[in-house]
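Data block for data-v3.txt (compact mmCIF, C-alpha atoms):
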```txt
# COMPACT_ATOMS: atom_id res chain seq x y z
CA MET A 1 0.00 0.00 0.00
CA SER A 2 1.43 3.36 -1.00
CA GLU A 3 1.83 6.16 1.51
CA SER A 4 -0.92 8.27 -0.04
CA GLU A 5 -3.38 5.35 0.06
CA GLU A 6 -2.53 4.69 3.67
CA ARG A 7 -3.09 8.34 4.57
CA LEU A 8 -6.54 8.34 3.03
CA ILE A 9 -7.73 5.56 5.31
CA ASP A 10 -8.53 7.91 8.19
CA PHE A 11 -10.41 10.37 6.03
CA ASP A 12 -13.57 9.72 4.08
CA GLU A 13 -12.96 10.21 0.38
CA ASP A 14 -16.58 11.16 -0.23
CA ILE A 15 -16.44 13.85 2.46
CA ILE A 16 -13.15 15.11 1.06
CA ASN A 17 -14.78 15.53 -2.34
CA LYS A 18 -17.78 17.30 -0.87
CA LEU A 19 -15.72 19.65 1.29
CA TYR A 20 -13.07 20.42 -1.32
CA ASP A 21 -14.74 23.60 -2.56
CA THR A 22 -15.24 24.80 1.01
CA ALA A 23 -11.58 24.14 1.75
CA ILE A 24 -10.56 26.16 -1.29
CA ALA A 25 -12.88 29.00 -0.27
CA ILE A 26 -11.41 29.04 3.24
CA ARG A 27 -7.93 28.88 1.78
CA ASN A 28 -8.58 31.90 -0.43
CA GLU A 29 -10.15 33.81 2.45
CA ASN A 30 -7.21 33.10 4.75
CA HIS A 31 -4.69 33.96 2.08
CA ASP A 32 -6.43 37.31 1.62
CA ASN A 33 -6.57 37.81 5.39
CA PRO A 34 -3.43 36.16 6.76
CA ASN A 35 -4.35 36.82 10.39
CA ASN A 36 -7.60 34.88 10.17
CA LYS A 37 -8.26 32.21 12.71
CA THR A 38 -11.20 30.04 11.70
CA LEU A 39 -13.63 28.70 14.25
CA PHE A 40 -15.53 25.49 13.50
CA SER A 41 -18.48 25.20 15.81
CA SER A 42 -22.12 24.24 16.10
CA VAL A 43 -25.11 24.44 18.37
CA ASP A 44 -25.38 20.67 18.80
CA GLN A 45 -23.35 18.95 16.06
CA ARG A 46 -20.10 17.95 17.77
CA MET A 47 -19.17 15.09 15.47
CA ALA A 48 -20.01 17.04 12.33
CA THR A 49 -17.79 19.87 13.57
CA VAL A 50 -14.86 17.52 14.05
CA ASP A 51 -15.46 15.78 10.72
CA ALA A 52 -15.63 19.04 8.80
CA ALA A 53 -12.67 20.74 10.48
CA MET A 54 -10.39 17.71 10.18
CA HIS A 55 -11.30 16.90 6.58
CA ILE A 56 -10.84 20.52 5.50
CA ALA A 57 -7.54 20.67 7.40
CA TYR A 58 -6.45 17.50 5.64
CA ILE A 59 -7.42 18.87 2.21
CA LEU A 60 -5.39 22.02 2.87
CA THR A 61 -2.34 20.06 3.96
CA GLU A 62 -2.60 18.12 0.71
CA LEU A 63 -2.49 21.52 -1.01
CA LYS A 64 0.80 22.13 0.84
CA ASP A 65 -0.65 24.56 3.39
CA LYS A 66 0.36 24.30 7.04
CA VAL A 67 -2.57 23.91 9.39
CA LEU A 68 -2.73 24.12 13.18
CA VAL A 69 -5.86 22.71 14.80
CA VAL A 70 -6.62 24.07 18.26
CA ASN A 71 -9.17 21.79 19.83
CA LEU A 72 -11.07 23.64 22.55
CA ASP A 73 -13.66 20.89 22.96
CA SER A 74 -12.25 18.28 25.32
CA SER A 75 -15.15 15.96 24.42
CA SER A 76 -13.89 15.84 20.83
CA THR A 77 -10.29 14.90 21.61
CA GLY A 78 -10.88 11.18 21.04
CA SER A 79 -12.67 11.76 17.73
CA ILE A 80 -9.93 14.08 16.48
CA GLU A 81 -7.22 11.64 17.47
CA GLU A 82 -8.90 8.96 15.38
CA TYR A 83 -8.04 11.10 12.38
CA ILE A 84 -4.55 12.28 13.20
CA HIS A 85 -3.06 9.76 15.66
CA SER A 86 -0.83 12.29 17.38
CA LYS A 87 -1.16 10.39 20.66
CA SER A 88 -0.60 13.73 22.33
CA LYS A 89 -2.13 14.48 25.69
CA PRO A 90 -4.26 17.60 26.13
CA ASN A 91 -1.77 20.25 27.21
CA LEU A 92 -2.99 23.74 26.34
CA PHE A 93 -3.28 25.23 29.82
CA SER A 94 -0.70 22.94 31.45
CA THR A 95 1.80 24.37 28.95
CA LEU A 96 0.71 27.96 29.47
CA ARG A 97 1.07 27.44 33.22
CA ILE A 98 4.82 26.99 32.81
CA SER A 99 5.52 28.81 29.54
CA MET A 100 4.74 32.12 27.87
CA PHE A 101 4.53 30.47 24.48
CA LEU A 102 1.61 28.47 23.15
CA SER A 103 3.94 27.04 20.52
CA GLU A 104 5.30 24.70 23.17
CA ALA A 105 1.90 23.04 23.38
CA ILE A 106 1.90 22.16 19.69
CA ASN A 107 1.94 18.45 18.94
CA GLN A 108 2.81 16.92 15.62
CA THR A 109 0.49 14.48 13.93
CA LYS A 110 1.14 11.74 11.45
CA TYR A 111 0.52 14.35 8.75
CA GLU A 112 3.53 16.51 8.15
CA LYS A 113 1.75 19.82 7.73
CA LEU A 114 -0.97 19.26 10.30
CA ASP A 115 -0.34 20.04 13.99
CA ILE A 116 -2.65 19.92 16.98
CA ILE A 117 -3.21 21.44 20.40
CA HIS A 118 -5.85 19.89 22.67
CA VAL A 119 -7.44 21.60 25.65
CA GLU A 120 -7.61 19.66 28.90
CA GLU A 121 -10.93 18.36 30.20
CA MET A 122 -12.28 20.57 32.97
CA PRO A 123 -15.54 22.09 34.21
CA GLU A 124 -16.81 25.16 32.37
CA THR A 125 -16.13 27.54 35.25
CA GLU A 126 -12.54 26.39 35.49
CA LEU A 127 -12.17 26.61 31.70
CA MET A 128 -13.42 30.20 31.74
CA ASP A 129 -11.05 31.05 34.58
CA LYS A 130 -8.13 29.64 32.58
CA PHE A 131 -9.09 31.64 29.50
CA GLY A 132 -9.16 34.79 31.61
CA GLN A 133 -5.95 33.91 33.41
CA TYR A 134 -3.74 33.09 30.43
CA ASN A 135 -4.97 35.44 27.68
CA VAL A 136 -5.01 32.71 25.07
CA LEU A 137 -5.75 35.15 22.25
CA SER A 138 -2.47 37.01 22.62
CA LYS A 139 -0.57 33.72 22.60
CA LEU A 140 -2.49 32.18 19.71
CA SER A 141 -2.23 35.08 17.26
CA PRO A 142 1.58 34.95 16.81
CA LEU A 143 1.30 31.35 15.61
CA LYS A 144 -0.22 32.65 12.37
CA ASN A 145 3.36 33.49 11.39
CA TYR A 146 4.08 29.78 11.20
CA TYR A 147 0.82 28.42 9.84
CA ASP A 148 -1.28 29.20 6.81
CA HIS A 149 -4.43 28.31 8.72
CA ILE A 150 -5.37 28.07 12.38
CA PHE A 151 -8.55 26.09 12.90
CA ILE A 152 -10.26 26.32 16.28
CA ILE A 153 -12.67 23.52 17.11
CA GLY A 154 -15.24 24.94 19.49
CA PRO A 155 -17.44 23.03 21.89
CA GLU A 156 -21.16 22.80 21.25
CA PHE A 157 -22.76 26.20 21.77
CA GLN A 158 -25.56 24.68 23.84
CA GLU A 159 -23.05 23.25 26.31
CA LEU A 160 -21.20 26.43 27.14
CA GLU A 161 -22.84 29.34 28.89
CA ASN A 162 -20.03 31.80 28.20
CA TYR A 163 -19.21 31.13 24.59
CA GLY A 164 -17.60 34.55 24.21
CA ALA A 165 -14.29 33.21 25.49
CA ILE A 166 -14.18 30.92 22.43
CA LEU A 167 -15.50 33.50 19.99
CA GLU A 168 -12.95 36.15 20.91
CA LEU A 169 -10.20 33.86 19.64
CA ALA A 170 -11.67 33.64 16.13
CA ASP A 171 -11.93 35.98 13.18
CA THR A 172 -14.15 33.86 10.95
CA ALA A 173 -16.57 31.08 11.78
CA VAL A 174 -17.87 28.06 9.93
CA THR A 175 -21.08 26.80 11.52
CA LEU A 176 -22.13 23.16 11.31
CA VAL A 177 -25.79 22.24 11.20
CA SER A 178 -27.78 19.10 10.63
CA ALA A 179 -29.19 18.67 7.13
CA LYS A 180 -32.48 17.59 8.70
CA LYS A 181 -33.28 19.16 12.03
CA ASN A 182 -32.13 22.46 13.49
CA ASP A 183 -33.81 24.85 15.87
CA ARG A 184 -34.13 28.16 14.05
CA TYR A 185 -34.11 30.25 17.24
CA GLU A 186 -31.03 28.56 18.70
CA LEU A 187 -29.12 28.96 15.45
CA ASN A 188 -30.14 32.60 15.22
CA HIS A 189 -29.06 33.13 18.80
CA TYR A 190 -25.68 31.59 18.05
CA LEU A 191 -25.18 33.64 14.89
CA GLN A 192 -26.11 36.81 16.75
CA LYS A 193 -23.49 35.93 19.33
CA ILE A 194 -20.93 35.51 16.57
CA ASN A 195 -21.80 38.96 15.22
CA LEU A 196 -21.60 40.41 18.71
CA PHE A 197 -17.95 39.35 18.90
CA ASN A 198 -17.18 40.70 15.42
CA VAL A 199 -16.55 37.24 14.09
CA LYS A 200 -17.32 37.03 10.39
CA SER A 201 -19.62 34.15 9.61
CA PHE A 202 -18.04 32.38 6.67
CA GLY A 203 -21.06 30.21 6.05
CA ILE A 204 -22.96 27.10 7.04
CA LEU A 205 -21.98 23.50 6.44
CA ARG A 206 -24.77 20.94 6.52
CA LYS A 207 -24.11 17.46 7.83
CA ALA A 208 -26.30 14.81 6.23
CA ASP A 209 -27.48 12.54 9.06
CA MET B 210 -44.16 34.26 0.59
CA TYR B 211 -41.43 31.85 1.61
CA PHE B 212 -43.55 30.76 4.55
CA ILE B 213 -46.32 29.71 2.15
CA LYS B 214 -43.87 28.05 -0.22
CA LYS B 215 -42.29 26.08 2.62
CA ASN B 216 -45.48 25.05 4.39
CA LEU B 217 -48.16 24.92 1.70
CA LEU B 218 -47.96 21.17 1.22
CA ASN B 219 -48.25 20.45 4.96
CA ILE B 220 -51.18 22.85 5.29
CA ILE B 221 -52.95 21.21 2.33
CA ILE B 222 -52.37 17.75 3.84
CA CYS B 223 -53.81 18.99 7.13
CA VAL B 224 -56.86 20.49 5.38
CA LEU B 225 -57.47 17.29 3.43
CA ALA B 226 -57.04 15.13 6.55
CA PHE B 227 -59.66 17.16 8.40
CA GLY B 228 -61.86 17.10 5.29
CA VAL B 229 -61.77 13.29 5.43
CA ILE B 230 -62.64 13.37 9.14
CA GLY B 231 -65.58 15.69 8.36
CA THR B 232 -66.77 13.32 5.63
CA VAL B 233 -66.62 10.37 8.04
CA VAL B 234 -68.60 12.34 10.61
CA ASN B 235 -71.25 13.07 7.94
CA PHE B 236 -71.93 9.35 7.57
CA PHE B 237 -73.39 9.44 11.08
CA ILE B 238 -75.53 12.54 10.54
CA PRO B 239 -79.24 11.47 10.42
CA PRO B 240 -81.39 12.62 7.48
CA SER B 241 -83.29 15.86 7.98
CA SER B 242 -86.60 14.17 7.26
CA THR B 243 -88.04 10.81 6.22
CA THR B 244 -91.17 10.41 4.14
CA TYR B 245 -93.24 7.23 4.42
CA GLU B 246 -95.82 6.59 1.72
CA GLU B 247 -98.20 3.82 2.72
CA TYR B 248 -100.98 2.41 0.56
CA TYR B 249 -103.98 0.69 2.02
CA THR B 250 -106.71 -1.30 0.32
CA LEU B 251 -110.12 -0.35 1.66
CA GLU B 252 -113.09 -2.61 2.17
CA ASN B 253 -115.35 0.11 0.75
CA GLY B 254 -114.76 2.92 -1.71
CA LEU B 255 -113.92 6.40 -0.38
CA GLU B 256 -116.77 8.82 0.23
CA PRO B 257 -116.54 12.20 -1.63
CA ASN B 258 -115.59 14.18 1.50
CA SER B 259 -113.56 11.51 3.32
CA ILE B 260 -110.14 12.68 2.18
CA ALA B 261 -110.89 16.33 3.00
CA ASN B 262 -112.26 15.42 6.42
CA LEU B 263 -109.28 13.22 7.21
CA ASN B 264 -106.79 15.94 6.26
CA ILE B 265 -108.69 18.50 8.38
CA GLN B 266 -108.54 16.19 11.38
CA LEU B 267 -104.86 15.40 10.75
CA ASN B 268 -104.11 19.13 10.55
CA GLU B 269 -105.89 19.73 13.83
CA THR B 270 -104.10 16.95 15.67
CA VAL B 271 -101.02 15.23 14.28
CA ASN B 272 -99.76 18.14 12.19
CA ASN B 273 -99.51 20.38 15.25
CA VAL B 274 -96.42 18.35 16.25
CA SER B 275 -94.17 20.28 13.87
CA GLU B 276 -94.08 23.84 12.64
CA ASN B 277 -91.68 22.99 9.83
CA ILE B 278 -93.23 20.11 8.00
CA LYS B 279 -96.61 18.63 7.29
CA VAL B 280 -96.40 15.48 9.36
CA ALA B 281 -99.27 13.44 8.01
CA SER B 282 -101.72 13.64 5.14
CA VAL B 283 -103.90 11.28 3.17
CA GLU B 284 -104.64 11.07 -0.52
CA GLY B 285 -107.16 9.17 -2.47
CA GLN B 286 -109.90 9.59 -5.05
CA SER B 287 -113.57 9.51 -4.40
CA GLY B 288 -114.90 6.01 -4.97
CA SER B 289 -111.46 4.49 -5.04
CA ASP B 290 -110.63 1.65 -2.68
CA ILE B 291 -106.99 2.74 -2.34
CA LEU B 292 -105.95 5.17 0.41
CA SER B 293 -102.53 6.69 0.54
CA LEU B 294 -101.16 7.81 3.93
CA ILE B 295 -98.12 10.06 3.83
CA ILE B 296 -96.11 10.60 7.01
CA ASN B 297 -93.13 12.94 7.24
CA THR B 298 -90.86 12.66 10.23
CA GLU B 299 -87.93 14.75 11.35
CA ALA B 300 -85.67 14.64 14.38
CA GLY B 301 -87.84 14.35 17.50
CA ILE B 302 -90.90 12.96 15.76
CA ASN B 303 -91.65 9.30 16.37
CA TYR B 304 -93.01 7.54 13.30
CA ASN B 305 -94.85 4.77 15.19
CA SER B 306 -96.72 7.26 17.34
CA ILE B 307 -97.76 9.38 14.35
CA HIS B 308 -98.74 6.29 12.41
CA ALA B 309 -100.92 5.00 15.26
CA GLN B 310 -102.65 8.37 15.64
CA ALA B 311 -103.27 8.62 11.89
CA MET B 312 -104.69 5.11 11.76
CA ASP B 313 -107.01 5.95 14.68
CA ILE B 314 -108.26 9.04 12.87
CA ILE B 315 -108.83 7.01 9.70
CA ALA B 316 -110.75 4.39 11.70
CA ASP B 317 -112.82 7.09 13.46
CA GLU B 318 -113.83 8.41 10.03
CA GLY B 319 -115.39 4.99 9.42
CA ILE B 320 -112.85 3.91 6.86
CA VAL B 321 -111.93 0.27 7.22
CA THR B 322 -108.53 -0.71 5.87
CA ALA B 323 -108.42 -4.27 4.64
CA ASP B 324 -104.82 -4.67 3.74
CA ASN B 325 -101.51 -2.76 3.50
CA ALA B 326 -100.84 -2.56 -0.22
CA GLY B 327 -97.25 -1.41 0.09
CA MET B 328 -94.98 1.25 1.47
CA ASN B 329 -92.26 3.52 0.07
CA MET B 330 -89.74 5.37 2.20
CA TYR B 331 -87.70 8.43 1.11
CA GLU B 332 -84.95 10.09 3.13
CA THR B 333 -84.06 13.74 2.61
CA PRO B 334 -80.35 14.20 3.43
CA ASN B 335 -79.37 16.96 5.83
CA THR B 336 -77.41 18.79 3.15
CA ALA B 337 -77.03 22.09 4.99
CA LEU B 338 -75.64 20.47 8.14
CA LYS B 339 -73.35 18.17 6.19
CA SER B 340 -72.02 21.07 4.12
CA LEU B 341 -71.44 23.04 7.29
CA ILE B 342 -69.53 20.13 8.86
CA ILE B 343 -67.32 19.76 5.77
CA LEU B 344 -66.69 23.51 5.63
CA MET B 345 -65.87 23.68 9.34
CA SER B 346 -63.56 20.65 9.00
CA LEU B 347 -61.65 22.30 6.18
CA LEU B 348 -61.37 25.59 8.07
CA ILE B 349 -60.23 23.85 11.27
CA GLY B 350 -57.73 21.82 9.20
CA ALA B 351 -56.39 25.00 7.60
CA ALA B 352 -56.15 26.74 10.97
CA ILE B 353 -54.35 23.80 12.59
CA GLY B 354 -52.05 23.48 9.58
CA ILE B 355 -51.12 27.16 9.77
CA ILE B 356 -50.61 27.03 13.56
CA MET B 357 -48.38 23.96 13.18
CA ALA B 358 -46.42 25.71 10.44
CA LEU B 359 -46.00 28.83 12.59
CA ASN B 360 -44.76 26.73 15.50
CA ASN B 361 -42.35 24.78 13.32
CA ARG B 362 -38.93 26.10 14.29
CA ASN B 363 -37.03 23.54 12.27
CA ILE B 364 -34.82 24.62 9.41
CA SER B 365 -32.96 22.21 7.21
CA THR B 366 -32.66 23.19 3.57
CA GLU B 367 -30.26 25.64 1.98
CA GLU B 368 -33.24 27.89 1.21
CA ASP B 369 -34.21 27.83 4.90
CA ILE B 370 -30.69 28.84 5.87
CA GLN B 371 -30.68 31.68 3.35
CA HIS B 372 -34.14 32.92 4.30
CA TYR B 373 -34.22 32.51 8.06
CA LEU B 374 -30.54 33.00 8.93
CA GLY B 375 -29.35 35.17 6.06
CA GLU B 376 -26.36 32.86 5.72
CA ARG B 377 -24.85 31.12 2.75
CA THR B 378 -24.50 27.37 2.64
CA LEU B 379 -20.96 26.27 1.94
CA GLY B 380 -21.92 22.70 1.27
CA THR B 381 -23.45 19.47 2.50
CA PHE B 382 -21.42 16.42 3.42
```

What does the file become when written as structure tokens?
Amino acid sequence: MSESEERLIDFDEDIINKLYDTAIAIRNENHDNPNNKTLFSSVDQRMATVDAAMHIAYILTELKDKVLVVNLDSSSTGSIEEYIHSKSKPNLFSTLRISMFLSEAINQTKYEKLDIIHVEEMPETELMDKFGQYNVLSKLSPLKNYYDHIFIIGPEFQELENYGAILELADTAVTLVSAKKNDRYELNHYLQKINLFNVKSFGILRKAD
Amino acid sequence: MYFIKKNLLNIIICVLAFGVIGTVVNFFIPPSSTTYEEYYTLENGLEPNSIANLNIQLNETVNNVSENIKVASVEGQSGSDILSLIINTEAGINYNSIHAQAMDIIADEGIVTADNAGMNMYETPNTALKSLIILMSLLIGAAIGIIMALNNRNISTEEDIQHYLGERTLGTF
């Protein structure tokens, strides 16, 4: 089995084909705005968020772009690792506790141009305290000098009361919805929150159930 | 307009479903009136004034039961040995009671019926009530369909996303 065939095993070829145009659109947007950090999030579609973010990241690495995925949803760590096999332990805040540089929390994956940072599992109140304590935004932004794209995987909007801490890290947002059932009011509420934090909504991706 | 486009089919289904329910209910609606035509063979031919006298007596007694319809009347030709008794009933009027009273009046007039020569029965459907039930069913169905559509907070299609969220759809996977 060739290396390229082996690498495709973890990613769904059909999804890659369907998300290719989106990946190109995000690539063009981020090339025009080099400081963009792209948030992938949803109201209640955790798996779809992971699938979309990781497949798009993979497509971009195949196009020779460097991608850093910052996973801020501790519940998604296992799902993300199934794609990238970094075997890295969540270390975002444990690194920031002893270092000024978020770069030290970066873990390599089995894909050369795709790196990952996972957040540790903790209660929401503690997570919010950590965000306030370590000013993640100021430590994340400089990493754009080393990566073409920084993808932030956000937790489900319905699970987090203070979603602003996540939104203030992002410049653009891709929102995942179900292709069958979504609550209009909840989605509107989420999109209003995005606008409130001056995050540009890049568009909606629908996950066929 | 998009609301109508999105929900029209569901509203129509709701209207038709309630229309079917209304139709089923109409099967159980009794007729507005029933007409019984009974023919009797007489032992003797009718006297010239018998029919007029019988109808006068029926008007004074049996026909007072209803203000809407003529409950009972008789027909026959002078000298004929056939008497026709016509009884109309509506809701609240008991046929057997009317029939017994009419037969008593006929007997009191001295007319002896030998045999029942036959009977026809006609039902007049309650068209107004049935139409009202169908109309109400359709209106209730439309109202329920519209209420359900208004309460439907689900969005799924790319058109929904464009219309309700003002967002573009990047793709579906």

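Every residue of chain B that lies within 9 Å of chain A is listed here, counting all atoms listed in the file: Asn361, Arg362, Asn363, Ile364, Ser365, Thr366, Glu367, Ile370, Tyr373, Leu374, Glu376, Arg377, Thr378, Leu379, Gly380, Thr381 and Phe382 of chain B.
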
Notebook entry, point to check: By how many Å are atom CA of Tyr245 of chain B and atom CA of Met330 of chain B apart?
Noted result: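 Going from atom CA of Tyr245 of chain B over to atom CA of Met330 of chain B, I get 4.5 Å.
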
Note to self: Under the rule that all atoms listed in the file are counted, which of B:Leu347, B:Ile296, B:Ala323, B:Ile278 is the nearest residue to Leu251 of chain B?
What the structure shows: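 Ranking B:Leu347, B:Ile296, B:Ala323, B:Ile278 by distance to Leu251 of chain B, first place goes to B:Ala323.
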
Next item on the list: Please provide the set of residues having any atom within 12 Å of Glu161 of chain A, restricted to all atoms listed in the file, with same-chain residues fewer than 4 positions apart removed, written as a PyMOL selection string.
Entry: chain A and resi 43+123-125+127-128+155-157+165-166+190+193

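Here atom CA of Val67 of chain A is placed at a distance of 10.9 Å from atom CA of Thr109 of chain A.
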
Checklist line | Between atom CA of Asn216 of chain B and atom CA of Thr232 of chain B, distance in Å (one decimal) | finding: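 Result for atom CA of Asn216 of chain B versus atom CA of Thr232 of chain B: 24.3 Å, one decimal.
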
Checklist line | segment 356-359 of chain B environment, 9 Å, only C-alpha atoms, sequence neighbours closer than 5 positions dropped, as a list of chain:residue names | finding: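 What passes the distance filter is B:Phe212, B:Lys215, B:Asn216, B:Leu217, B:Asn219, B:Ile220, B:Ala351.
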
Next item on the list: Fewer than 5 positions away in the same chain doesn't count, so skip those; otherwise give me all residues within 9 Å of Asn335 of chain B, counting all atoms listed in the file, as a list in words.
Entry: Ile238, Pro239, Pro240, Ser241, Ser242 and Ser340 of chain B

Margin query: Within 12 Å of (-73.0, 9.3, 6.5) (file coordinates; only C-alpha atoms), which protein or nucleic acid residues are there? I'd like them as number ranges by chain.
Written below: B: 229-240, 334-336, 338-339, 342-343

Next item on the list: Please provide the set of residues having any atom within 12 Å of Ile84 of chain A, restricted to all atoms listed in the file, with same-chain residues fewer than 2 positions apart removed, written as a PyMOL selection string.
Entry: chain A and resi 7-11+50-51+54-55+57-58+68-69+77-82+86-88+107-117

Item checked: Nearby residues (all atoms listed in the file) at most 10 Å from Phe197 of chain A, same-chain spacing under 6 positions excluded, as a list in words ->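 The contact residues come out as Gly164, Ala165, Ile166, Leu167, Glu168, Leu169, Ala170 and Asp171 of chain A.
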
Margin query: Counting all atoms listed in the file, which residues have an atom no more than 8 Å from (-10.6, 16.4, 25.2) in the file's coordinates? Please list them as a list in words.
Written below: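 Collected hits near the coordinates: Asn71, Leu72, Asp73, Ser74, Ser75, Ser76, Thr77, Gly78, Pro90, His118, Val119, Glu120 and Glu121 of chain A.
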
Please put the answer as lines of an AutoDock Vina configuration file: centre and edge lengths, in Å with one decimal, of a box along x, y and z that encloses all listed atoms of segment 124-131 of chain A plus 8 Å on each side.
```
center_x = -12.5
center_y = 28.4
center_z = 32.5
size_x = 24.7
size_y = 22.5
size_z = 22.0
```

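Between Gly319 of chain B and the residues B:Gly254, B:Met345, B:Leu218, B:Glu246, the shortest atom-to-atom distance, using all atoms listed in the file, involves B:Gly254.
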
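For the choices B:Val224, B:Leu255, B:Ile265, B:Ile314, the atom-to-atom distance to Ala352 of chain B is smallest for B:Val224 when using all atoms listed in the file.
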